[in-house]
Each structure stands twice: as C-alpha cells, then as structure tokens.
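For reference, protein-v2.cif (mmCIF, C-alpha atoms and all ligand atoms):
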data_coords
#
loop_
_atom_site.label_atom_id
_atom_site.label_comp_id
_atom_site.auth_asym_id
_atom_site.auth_seq_id
_atom_site.Cartn_x
_atom_site.Cartn_y
_atom_site.Cartn_z
CA MET S 266 -11.28 -51.32 140.22
CA HIS S 267 -8.49 -53.50 138.90
CA ALA S 268 -6.69 -54.48 142.07
CA ASP S 269 -8.53 -56.15 144.90
CA THR S 270 -7.24 -55.19 148.36
CA ILE S 271 -7.02 -58.32 150.46
CA SER S 272 -5.21 -57.75 153.75
CA GLN S 273 -5.46 -54.87 156.22
CA SER S 274 -2.10 -53.50 157.34
CA PRO S 275 -0.78 -50.33 155.78
CA SER S 276 3.00 -50.10 155.62
CA ARG S 277 4.41 -52.24 152.75
CA THR S 278 2.35 -52.79 149.62
CA VAL S 279 2.93 -55.78 147.35
CA LEU S 280 1.20 -56.13 144.01
CA ALA S 281 0.43 -59.78 143.23
CA LEU S 282 0.42 -60.81 139.59
CA SER S 283 -0.65 -64.22 138.32
CA GLY S 284 0.70 -65.41 134.98
CA SER S 285 -2.56 -67.25 134.32
CA LEU S 286 -5.75 -65.80 132.87
CA ARG S 287 -7.69 -68.96 133.81
CA ARG S 288 -10.74 -68.72 136.06
CA ASN S 289 -9.93 -70.58 139.29
CA SER S 290 -6.25 -70.59 138.35
CA TYR S 291 -4.06 -72.38 140.92
CA ASN S 292 -1.63 -69.49 140.70
CA GLY S 293 -4.42 -67.02 141.42
CA LEU S 294 -5.44 -69.16 144.42
CA LEU S 295 -1.84 -69.28 145.59
CA LEU S 296 -1.64 -65.49 145.54
CA ARG S 297 -4.93 -65.24 147.40
CA ALA S 298 -3.48 -67.58 150.03
CA ALA S 299 -0.38 -65.38 150.15
CA ALA S 300 -2.59 -62.33 150.76
CA ASP S 301 -4.27 -64.18 153.63
CA SER S 302 -0.86 -65.15 155.06
CA ALA S 303 0.82 -61.75 154.77
CA PRO S 304 2.81 -60.70 157.84
CA ALA S 305 1.76 -57.65 159.87
CA GLY S 306 2.57 -54.47 157.97
CA MET S 307 2.39 -56.06 154.53
CA GLN S 308 -0.60 -55.47 152.29
CA ILE S 309 -0.97 -57.73 149.23
CA GLN S 310 -3.19 -56.62 146.35
CA LEU S 311 -4.22 -59.02 143.59
CA TYR S 312 -3.98 -57.56 140.10
CA ASP S 313 -6.79 -58.94 137.97
CA ASP S 314 -6.46 -57.13 134.66
CA LEU S 315 -3.53 -58.78 132.88
CA ALA S 316 -5.89 -59.72 130.04
CA SER S 317 -6.14 -56.09 128.97
CA VAL S 318 -2.43 -55.93 128.09
CA PRO S 319 -2.29 -56.26 124.28
CA LEU S 320 0.36 -58.15 122.35
CA PHE S 321 3.50 -56.04 122.28
CA SER S 322 4.42 -54.26 119.10
CA GLU S 323 6.76 -51.33 118.68
CA ASP S 324 4.19 -49.82 116.29
CA LEU S 325 1.51 -49.92 118.99
CA GLU S 326 3.98 -48.47 121.48
CA ALA S 327 4.83 -45.62 119.11
CA ASP S 328 1.15 -44.70 118.63
CA ALA S 329 0.15 -44.39 122.31
CA VAL S 330 0.70 -46.65 125.25
CA PRO S 331 -2.46 -48.78 125.59
CA ALA S 332 -4.65 -48.23 128.66
CA GLY S 333 -4.12 -51.79 129.92
CA VAL S 334 -0.35 -51.26 129.94
CA ARG S 335 -0.64 -47.86 131.61
CA ARG S 336 -2.82 -49.35 134.38
CA LEU S 337 -0.41 -52.19 135.05
CA ARG S 338 2.56 -49.82 135.09
CA GLU S 339 0.83 -47.48 137.53
CA HIS S 340 -0.06 -50.30 139.90
CA ILE S 341 3.52 -51.58 139.89
CA ALA S 342 5.01 -48.10 140.27
CA ASN S 343 2.74 -47.42 143.26
CA ALA S 344 3.57 -50.71 145.00
CA ASP S 345 6.69 -51.25 147.09
CA ALA S 346 7.19 -54.69 145.60
CA LEU S 347 5.83 -57.28 143.22
CA MET S 348 5.00 -60.95 143.74
CA ILE S 349 4.53 -63.10 140.63
CA ALA S 350 2.99 -66.57 140.61
CA THR S 351 3.68 -68.27 137.32
CA PRO S 352 2.21 -71.38 135.75
CA GLU S 353 4.50 -73.48 133.57
CA TYR S 354 3.62 -73.69 129.87
CA ASN S 355 5.84 -75.92 127.75
CA GLN S 356 8.62 -75.73 130.32
CA SER S 357 8.61 -71.94 130.41
CA VAL S 358 6.48 -68.93 131.37
CA PRO S 359 3.11 -68.35 129.70
CA GLY S 360 3.19 -65.91 126.78
CA VAL S 361 0.86 -63.46 128.55
CA LEU S 362 3.37 -63.00 131.34
CA LYS S 363 6.38 -62.61 129.05
CA ASN S 364 4.36 -60.18 126.93
CA ALA S 365 3.49 -58.04 129.98
CA ILE S 366 7.13 -57.96 131.12
CA ASP S 367 8.21 -56.94 127.62
CA TRP S 368 5.88 -53.91 127.86
CA LEU S 369 7.06 -53.11 131.39
CA SER S 370 10.71 -53.21 130.39
CA ARG S 371 10.37 -50.41 127.86
CA PRO S 372 11.72 -46.90 128.48
CA PRO S 373 10.94 -44.30 129.63
CA ASP S 374 8.75 -45.97 132.29
CA GLU S 375 10.83 -49.00 133.25
CA VAL S 376 8.88 -49.75 136.40
CA LEU S 377 10.65 -53.04 137.08
CA VAL S 378 14.09 -51.48 137.46
CA GLY S 379 15.10 -51.78 141.11
CA LYS S 380 11.71 -53.26 142.08
CA PRO S 381 11.86 -56.04 144.70
CA VAL S 382 10.18 -59.16 143.28
CA ALA S 383 9.27 -62.57 144.71
CA VAL S 384 8.68 -65.46 142.31
CA ILE S 385 6.49 -68.45 143.16
CA GLY S 386 4.40 -70.85 141.10
CA ALA S 387 1.94 -73.73 140.99
CA SER S 388 1.48 -76.40 138.38
CA ALA S 389 -0.78 -79.37 137.88
CA GLY S 390 2.33 -81.40 137.03
CA ARG S 391 4.97 -82.98 139.26
CA TRP S 392 7.80 -80.44 139.07
CA GLY S 393 5.95 -77.40 140.33
CA THR S 394 7.05 -74.78 137.75
CA ARG S 395 10.80 -75.20 138.37
CA LEU S 396 11.65 -74.46 134.75
CA ALA S 397 9.12 -71.63 134.41
CA GLN S 398 10.42 -69.95 137.56
CA SER S 399 13.98 -70.26 136.39
CA HIS S 400 13.06 -68.63 133.06
CA LEU S 401 11.06 -65.94 134.83
CA ARG S 402 14.02 -65.05 137.05
CA HIS S 403 16.17 -64.75 133.94
CA ILE S 404 13.65 -62.43 132.23
CA LEU S 405 13.28 -60.28 135.35
CA TYR S 406 17.07 -60.04 135.57
CA ALA S 407 17.08 -58.56 132.06
CA ALA S 408 14.43 -56.06 133.19
CA GLU S 409 16.71 -55.14 136.15
CA ALA S 410 14.23 -56.18 138.83
CA LEU S 411 15.68 -57.27 142.19
CA VAL S 412 14.42 -60.82 142.54
CA MET S 413 14.65 -62.45 145.97
CA PRO S 414 17.02 -65.42 145.45
CA GLN S 415 15.62 -67.65 148.19
CA PRO S 416 13.45 -69.17 149.57
CA SER S 417 11.60 -70.66 146.63
CA LEU S 418 8.20 -72.29 146.42
CA PHE S 419 7.44 -74.91 143.76
CA ILE S 420 3.89 -76.20 144.09
CA GLY S 421 3.37 -79.44 142.13
CA ASN S 422 0.18 -81.50 141.85
CA ALA S 423 -1.74 -78.30 142.54
CA ALA S 424 -5.12 -79.94 141.94
CA LYS S 425 -4.74 -81.71 145.28
CA LEU S 426 -3.63 -78.67 147.26
CA PHE S 427 -6.74 -76.49 147.37
CA ASP S 428 -10.15 -77.26 148.86
CA SER S 429 -13.44 -76.37 147.17
CA THR S 430 -13.27 -72.81 148.59
CA GLY S 431 -9.76 -72.32 147.20
CA ARG S 432 -7.94 -72.60 150.54
CA ILE S 433 -4.65 -74.48 150.92
CA MET S 434 -5.36 -77.79 152.68
CA ASP S 435 -1.78 -78.65 153.58
CA GLU S 436 -0.46 -76.91 156.73
CA SER S 437 3.20 -77.35 155.86
CA THR S 438 2.70 -75.54 152.54
CA THR S 439 0.98 -72.68 154.36
CA ARG S 440 3.93 -72.46 156.76
CA VAL S 441 6.44 -72.39 153.89
CA LEU S 442 4.39 -69.64 152.25
CA GLN S 443 4.33 -67.64 155.50
CA ASP S 444 8.10 -68.03 155.91
CA LEU S 445 8.66 -66.94 152.32
CA LEU S 446 6.54 -63.82 152.90
CA LEU S 447 8.50 -62.96 156.06
CA CYS S 448 11.75 -63.26 154.10
CA PHE S 449 10.26 -61.14 151.33
CA ASP S 450 9.33 -58.47 153.88
CA GLY S 451 12.99 -58.42 154.96
CA TRP S 452 14.17 -58.33 151.33
CA ILE S 453 11.97 -55.28 150.62
CA ALA S 454 13.10 -53.54 153.82
CA ASN S 455 16.80 -54.12 153.13
CA LEU S 456 16.51 -52.91 149.55
CA SER S 457 14.67 -49.77 150.58
CA VAL S 458 17.38 -48.95 153.14
CA GLY S 459 19.98 -49.54 150.40
CA ALA S 460 18.09 -47.22 148.04
CA GLU S 461 17.93 -44.48 150.71
CA VAL S 462 21.67 -44.72 151.37
CA THR S 463 22.43 -44.62 147.63
CA ALA S 464 20.22 -41.54 147.22
CA ARG S 465 21.99 -39.82 150.16
CA VAL S 466 25.56 -40.50 149.07
CA GLY S 467 24.80 -40.14 145.36
C1 LIG T 501 -0.13 -74.71 126.87
C2 LIG T 501 0.12 -75.42 128.18
C3 LIG T 501 1.36 -75.98 128.40
C4 LIG T 501 1.62 -76.60 129.65
N1 LIG T 501 2.88 -77.06 129.90
C5 LIG T 501 3.20 -77.51 131.14
C6 LIG T 501 4.55 -77.80 131.49
O1 LIG T 501 5.47 -77.69 130.70
N2 LIG T 501 4.81 -78.23 132.76
C7 LIG T 501 3.80 -78.35 133.70
O2 LIG T 501 4.07 -78.72 134.85
N3 LIG T 501 2.50 -78.09 133.39
C8 LIG T 501 2.18 -77.65 132.14
N4 LIG T 501 0.89 -77.32 131.83
C9 LIG T 501 -0.17 -77.54 132.82
C10 LIG T 501 -0.32 -76.35 133.75
O3 LIG T 501 0.58 -76.53 134.82
C11 LIG T 501 -1.74 -76.29 134.30
O4 LIG T 501 -2.62 -76.00 133.25
C12 LIG T 501 -1.89 -75.28 135.42
O5 LIG T 501 -3.12 -75.48 136.01
C13 LIG T 501 -1.78 -73.86 134.90
O6 LIG T 501 -1.81 -72.93 135.96
P1 LIG T 501 -3.14 -72.18 136.42
O7 LIG T 501 -3.98 -73.18 137.16
O8 LIG T 501 -2.66 -71.09 137.30
O9 LIG T 501 -3.87 -71.71 135.19
C14 LIG T 501 0.60 -76.71 130.61
C15 LIG T 501 -0.66 -76.16 130.33
C16 LIG T 501 -0.90 -75.52 129.15
C17 LIG T 501 -2.26 -74.88 128.91
#
Reformat the file's structure so that it appears as structure tokens.
Amino acid sequence: MHADTISQSPSRTVLALSGSLRRNSYNGLLLRAAADSAPAGMQIQLYDDLASVPLFSEDLEADAVPAGVRRLREHIANADALMIATPEYNQSVPGVLKNAIDWLSRPPDEVLVGKPVAVIGASAGRWGTRLAQSHLRHILYAAEALVMPQPSLFIGNAAKLFDSTGRIMDESTTRVLQDLLLCFDGWIANLSVGAEVTARVG
C-alpha cells in the first residue's frame, strides 16, 4: 500500500505529494492537515513512496520504466487532481521533486497534462517557500498541468506551527487551508466541466 487514504467522502480524489523525504516533514504534516480539512466530497490520499523514484536517465527510461515511476504515474492518473507541498531547498524545489516531475513529463504517459494541481509549502525559514513555489509553478507549467493560480499558502517558521502530534496549532492557518481546499474543489469542478465540453464539441 503506497497511498494512505485519510478522509471519507467519495466523489473527488486528490493525490497529495510531499517534496520532502524527511520523517516528520513539515510538508508531510501540512498535507495530513489538508486531508483532515478536506471539504465534503473530497478525498485526499497521501502518497508515501516518492523515495522509490530513481534518478532520471534516458537510458533507464529506454530499458523499462522503473516500478517506482509506474506506481506514481498510476496514482496520479487515477486521481482527479494533485496537491503538492514543497519544501524550499536553496531557494528552489528539492531535487527529488524535480526529478519525479521530469519522469512524469515524459511521453507517452504524460499524466500531468491537463491535471488540476494545487501548490502549497512549508519551510523552517521566514519566507515560507515563496521561491520554491514559484519555481514549482514554472516547472508544472512546462509539464502542462493546470495549476490553481490563487489562493496561495506560504507557511514560514514551520517549527512553531505543529504540536507534538503533528496538528496545526494556529486556527487562522487552518481556516486559510480550508478556504484553499474549497477553492481547489471549485477549480477541479470547473476544469472537469471544461474537459467534458471540449470532448463533446471536439
Ligand atoms: C539542502 C537544504 C537547503 C535549504 N534551503 C532553504 C531555503 O533556501 N529556504 C528556506 O526557507 N529553507 C531552506 N531549508 C530549510 C528547509 O526549509 C527545512 O529543512 C524544512 O524543514 C524542509 O521541509 P520538510 O520539513 O518538509 O522536510 C533548506 C534545507 C536543506 C536541507
């Protein structure tokens, strides 16, 4: 089992991907909090197997797509949408996240094309992953994902945000997260209506 089902409701599924492999990662905790705050009808699953995606090489790709890449692709293809929480490493996204997106962007299984995506992030520093999120949006644009433009969520000083059980201690942050998820629900719904109309009229 590589994705842990967190909330109950059935209709819209969101795969949640953290750009950190760290145990007790703030970004992992943020996604867990998102799963707990999901609006009715949205189910958020945490993907916990990013570590099995090997470093991208066109040689490796030509041999056979590695199992870790296949699994991630399948989970994304089967979800209605993707939520990514990114740490900031040296003012950009961590290499593991960029590496995974490089794999996902490759034909013939370009699972990010047309996929609704929400970007959030948490950092121990003051600026709350502003630069990393900006870079991530740019990369996802290249992969032709449909990234929700607003609202954004930049969590700085993350060490002070979570209690010892990993829950968000600050009510206003929880409210912002809930509002963001409601907007994301609308973003996914609007895009799926758009996709249906496009399919109908060709
Ligand atoms: C290699 C590396 C570079 C980092 N660079 C930045 C940075 O540019 N800006 C920042 O706010 N934090 C930076 N940090 C601190 C991370 O924000 C912090 O480690 C954070 O906890 C990572 O997210 P995680 O808890 O989800 O693993 C860096 C950490 C590492 C390991």
Report as a PDB file with C-alpha atoms, in the frame of the given file which protein, DNA and RNA residues come within 12 Å of ligand LIG 501 (chain T), using only C-alpha atoms and all ligand atoms.
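As a result, pocket_18.pdb now contains:
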ATOM      1  CA  LEU S 282       0.420 -60.810 139.590  1.00  0.00           C
ATOM      2  CA  SER S 283      -0.650 -64.220 138.320  1.00  0.00           C
ATOM      3  CA  GLY S 284       0.700 -65.410 134.980  1.00  0.00           C
ATOM      4  CA  SER S 285      -2.560 -67.250 134.320  1.00  0.00           C
ATOM      5  CA  LEU S 286      -5.750 -65.800 132.870  1.00  0.00           C
ATOM      6  CA  ARG S 287      -7.690 -68.960 133.810  1.00  0.00           C
ATOM      7  CA  ARG S 288     -10.740 -68.720 136.060  1.00  0.00           C
ATOM      8  CA  ASN S 289      -9.930 -70.580 139.290  1.00  0.00           C
ATOM      9  CA  SER S 290      -6.250 -70.590 138.350  1.00  0.00           C
ATOM     10  CA  TYR S 291      -4.060 -72.380 140.920  1.00  0.00           C
ATOM     11  CA  ASN S 292      -1.630 -69.490 140.700  1.00  0.00           C
ATOM     12  CA  GLY S 293      -4.420 -67.020 141.420  1.00  0.00           C
ATOM     13  CA  LEU S 294      -5.440 -69.160 144.420  1.00  0.00           C
ATOM     14  CA  LEU S 295      -1.840 -69.280 145.590  1.00  0.00           C
ATOM     15  CA  LEU S 296      -1.640 -65.490 145.540  1.00  0.00           C
ATOM     16  CA  ARG S 297      -4.930 -65.240 147.400  1.00  0.00           C
ATOM     17  CA  ILE S 349       4.530 -63.100 140.630  1.00  0.00           C
ATOM     18  CA  ALA S 350       2.990 -66.570 140.610  1.00  0.00           C
ATOM     19  CA  THR S 351       3.680 -68.270 137.320  1.00  0.00           C
ATOM     20  CA  PRO S 352       2.210 -71.380 135.750  1.00  0.00           C
ATOM     21  CA  GLU S 353       4.500 -73.480 133.570  1.00  0.00           C
ATOM     22  CA  TYR S 354       3.620 -73.690 129.870  1.00  0.00           C
ATOM     23  CA  ASN S 355       5.840 -75.920 127.750  1.00  0.00           C
ATOM     24  CA  GLN S 356       8.620 -75.730 130.320  1.00  0.00           C
ATOM     25  CA  SER S 357       8.610 -71.940 130.410  1.00  0.00           C
ATOM     26  CA  VAL S 358       6.480 -68.930 131.370  1.00  0.00           C
ATOM     27  CA  PRO S 359       3.110 -68.350 129.700  1.00  0.00           C
ATOM     28  CA  GLY S 360       3.190 -65.910 126.780  1.00  0.00           C
ATOM     29  CA  VAL S 361       0.860 -63.460 128.550  1.00  0.00           C
ATOM     30  CA  LEU S 362       3.370 -63.000 131.340  1.00  0.00           C
ATOM     31  CA  ILE S 385       6.490 -68.450 143.160  1.00  0.00           C
ATOM     32  CA  GLY S 386       4.400 -70.850 141.100  1.00  0.00           C
ATOM     33  CA  ALA S 387       1.940 -73.730 140.990  1.00  0.00           C
ATOM     34  CA  SER S 388       1.480 -76.400 138.380  1.00  0.00           C
ATOM     35  CA  ALA S 389      -0.780 -79.370 137.880  1.00  0.00           C
ATOM     36  CA  GLY S 390       2.330 -81.400 137.030  1.00  0.00           C
ATOM     37  CA  ARG S 391       4.970 -82.980 139.260  1.00  0.00           C
ATOM     38  CA  TRP S 392       7.800 -80.440 139.070  1.00  0.00           C
ATOM     39  CA  GLY S 393       5.950 -77.400 140.330  1.00  0.00           C
ATOM     40  CA  THR S 394       7.050 -74.780 137.750  1.00  0.00           C
ATOM     41  CA  ARG S 395      10.800 -75.200 138.370  1.00  0.00           C
ATOM     42  CA  LEU S 396      11.650 -74.460 134.750  1.00  0.00           C
ATOM     43  CA  ALA S 397       9.120 -71.630 134.410  1.00  0.00           C
ATOM     44  CA  GLN S 398      10.420 -69.950 137.560  1.00  0.00           C
ATOM     45  CA  PHE S 419       7.440 -74.910 143.760  1.00  0.00           C
ATOM     46  CA  ILE S 420       3.890 -76.200 144.090  1.00  0.00           C
ATOM     47  CA  GLY S 421       3.370 -79.440 142.130  1.00  0.00           C
ATOM     48  CA  ASN S 422       0.180 -81.500 141.850  1.00  0.00           C
ATOM     49  CA  ALA S 423      -1.740 -78.300 142.540  1.00  0.00           C
ATOM     50  CA  ALA S 424      -5.120 -79.940 141.940  1.00  0.00           C
ATOM     51  CA  LYS S 425      -4.740 -81.710 145.280  1.00  0.00           C
ATOM     52  CA  LEU S 426      -3.630 -78.670 147.260  1.00  0.00           C
ATOM     53  CA  PHE S 427      -6.740 -76.490 147.370  1.00  0.00           C
ATOM     54  CA  GLY S 431      -9.760 -72.320 147.200  1.00  0.00           C
TER      55      GLY S 431
END
What are the nearest atom pairs, with distances in Å to one decimal, for all residues of segment 324-429 of chain S that come at most 9 Å from segment 440-445 of chain S, using only C-alpha atoms, set out by chain and rising residue number as JSON lines?
{"residue": "S:Ala383", "atom": "CA", "partner": "S:Leu445", "partner_atom": "CA", "distance": 8.8}
{"residue": "S:Gln415", "atom": "CA", "partner": "S:Leu445", "partner_atom": "CA", "distance": 8.1}
{"residue": "S:Pro416", "atom": "CA", "partner": "S:Leu445", "partner_atom": "CA", "distance": 6.0}
{"residue": "S:Ser417", "atom": "CA", "partner": "S:Leu445", "partner_atom": "CA", "distance": 7.4}
{"residue": "S:Leu418", "atom": "CA", "partner": "S:Leu442", "partner_atom": "CA", "distance": 7.5}
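For the atom pair formed by atom CA of Leu456 of chain S and atom CA of Arg371 of chain S, the distance is 22.7 Å, given to one decimal.
Taking atom CA of Leu369 of chain S and atom CA of Glu339 of chain S as the two end points, the separation is 10.4 Å.
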If you take every atom of segment 411-422 of chain S that the file lists and fit an axis-aligned box around them with 8 Å extra on each side, what centre and edge lengths come out in Å to one decimal, as lines of an AutoDock Vina configuration file?
center_x = 8.6
center_y = -69.4
center_z = 145.7
size_x = 32.8
size_y = 40.2
size_z = 23.7
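The coordinates place atom CA of Arg336 of chain S at 12.2 Å from atom CA of Asp374 of chain S.
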Using all atoms listed in the file, find each residue of segment 363-424 of chain S with at least one atom at most 8 Å away from an atom of segment 305-324 of chain S; report its shortest atom-to-atom pair and that distance in Å (one decimal), sort the rows by chain and rising residue number, and return the result as a tab-separated table.
residue	atom	partner	partner_atom	distance
S:Asn364	CA	S:Phe321	CA	6.3
S:Ala365	CA	S:Val318	CA	6.6
S:Asp367	CA	S:Phe321	CA	7.2
S:Trp368	CA	S:Phe321	CA	6.4
query = So which residues touch Val376 of chain S within 12 Å, counting only C-alpha atoms, skipping near sequence neighbours fewer than 4 positions away, as a count of residues only?
reply = 30
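Distances from S:Thr439, S:Ile404, S:Met434, S:Met413 to Asn455 of chain S were compared using only C-alpha atoms, and the smallest one belongs to S:Met413.
Nearest to Ala300 of chain S of all the residues S:Ser457, S:Thr278, S:Ser429, S:Ser399 is S:Thr278, counting all atoms listed in the file.
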remark   = Using all atoms listed in the file, the best pick from S:Val458, S:Ala329, S:Ala298, S:Ala281 as closest to Val384 of chain S would be S:Ala281
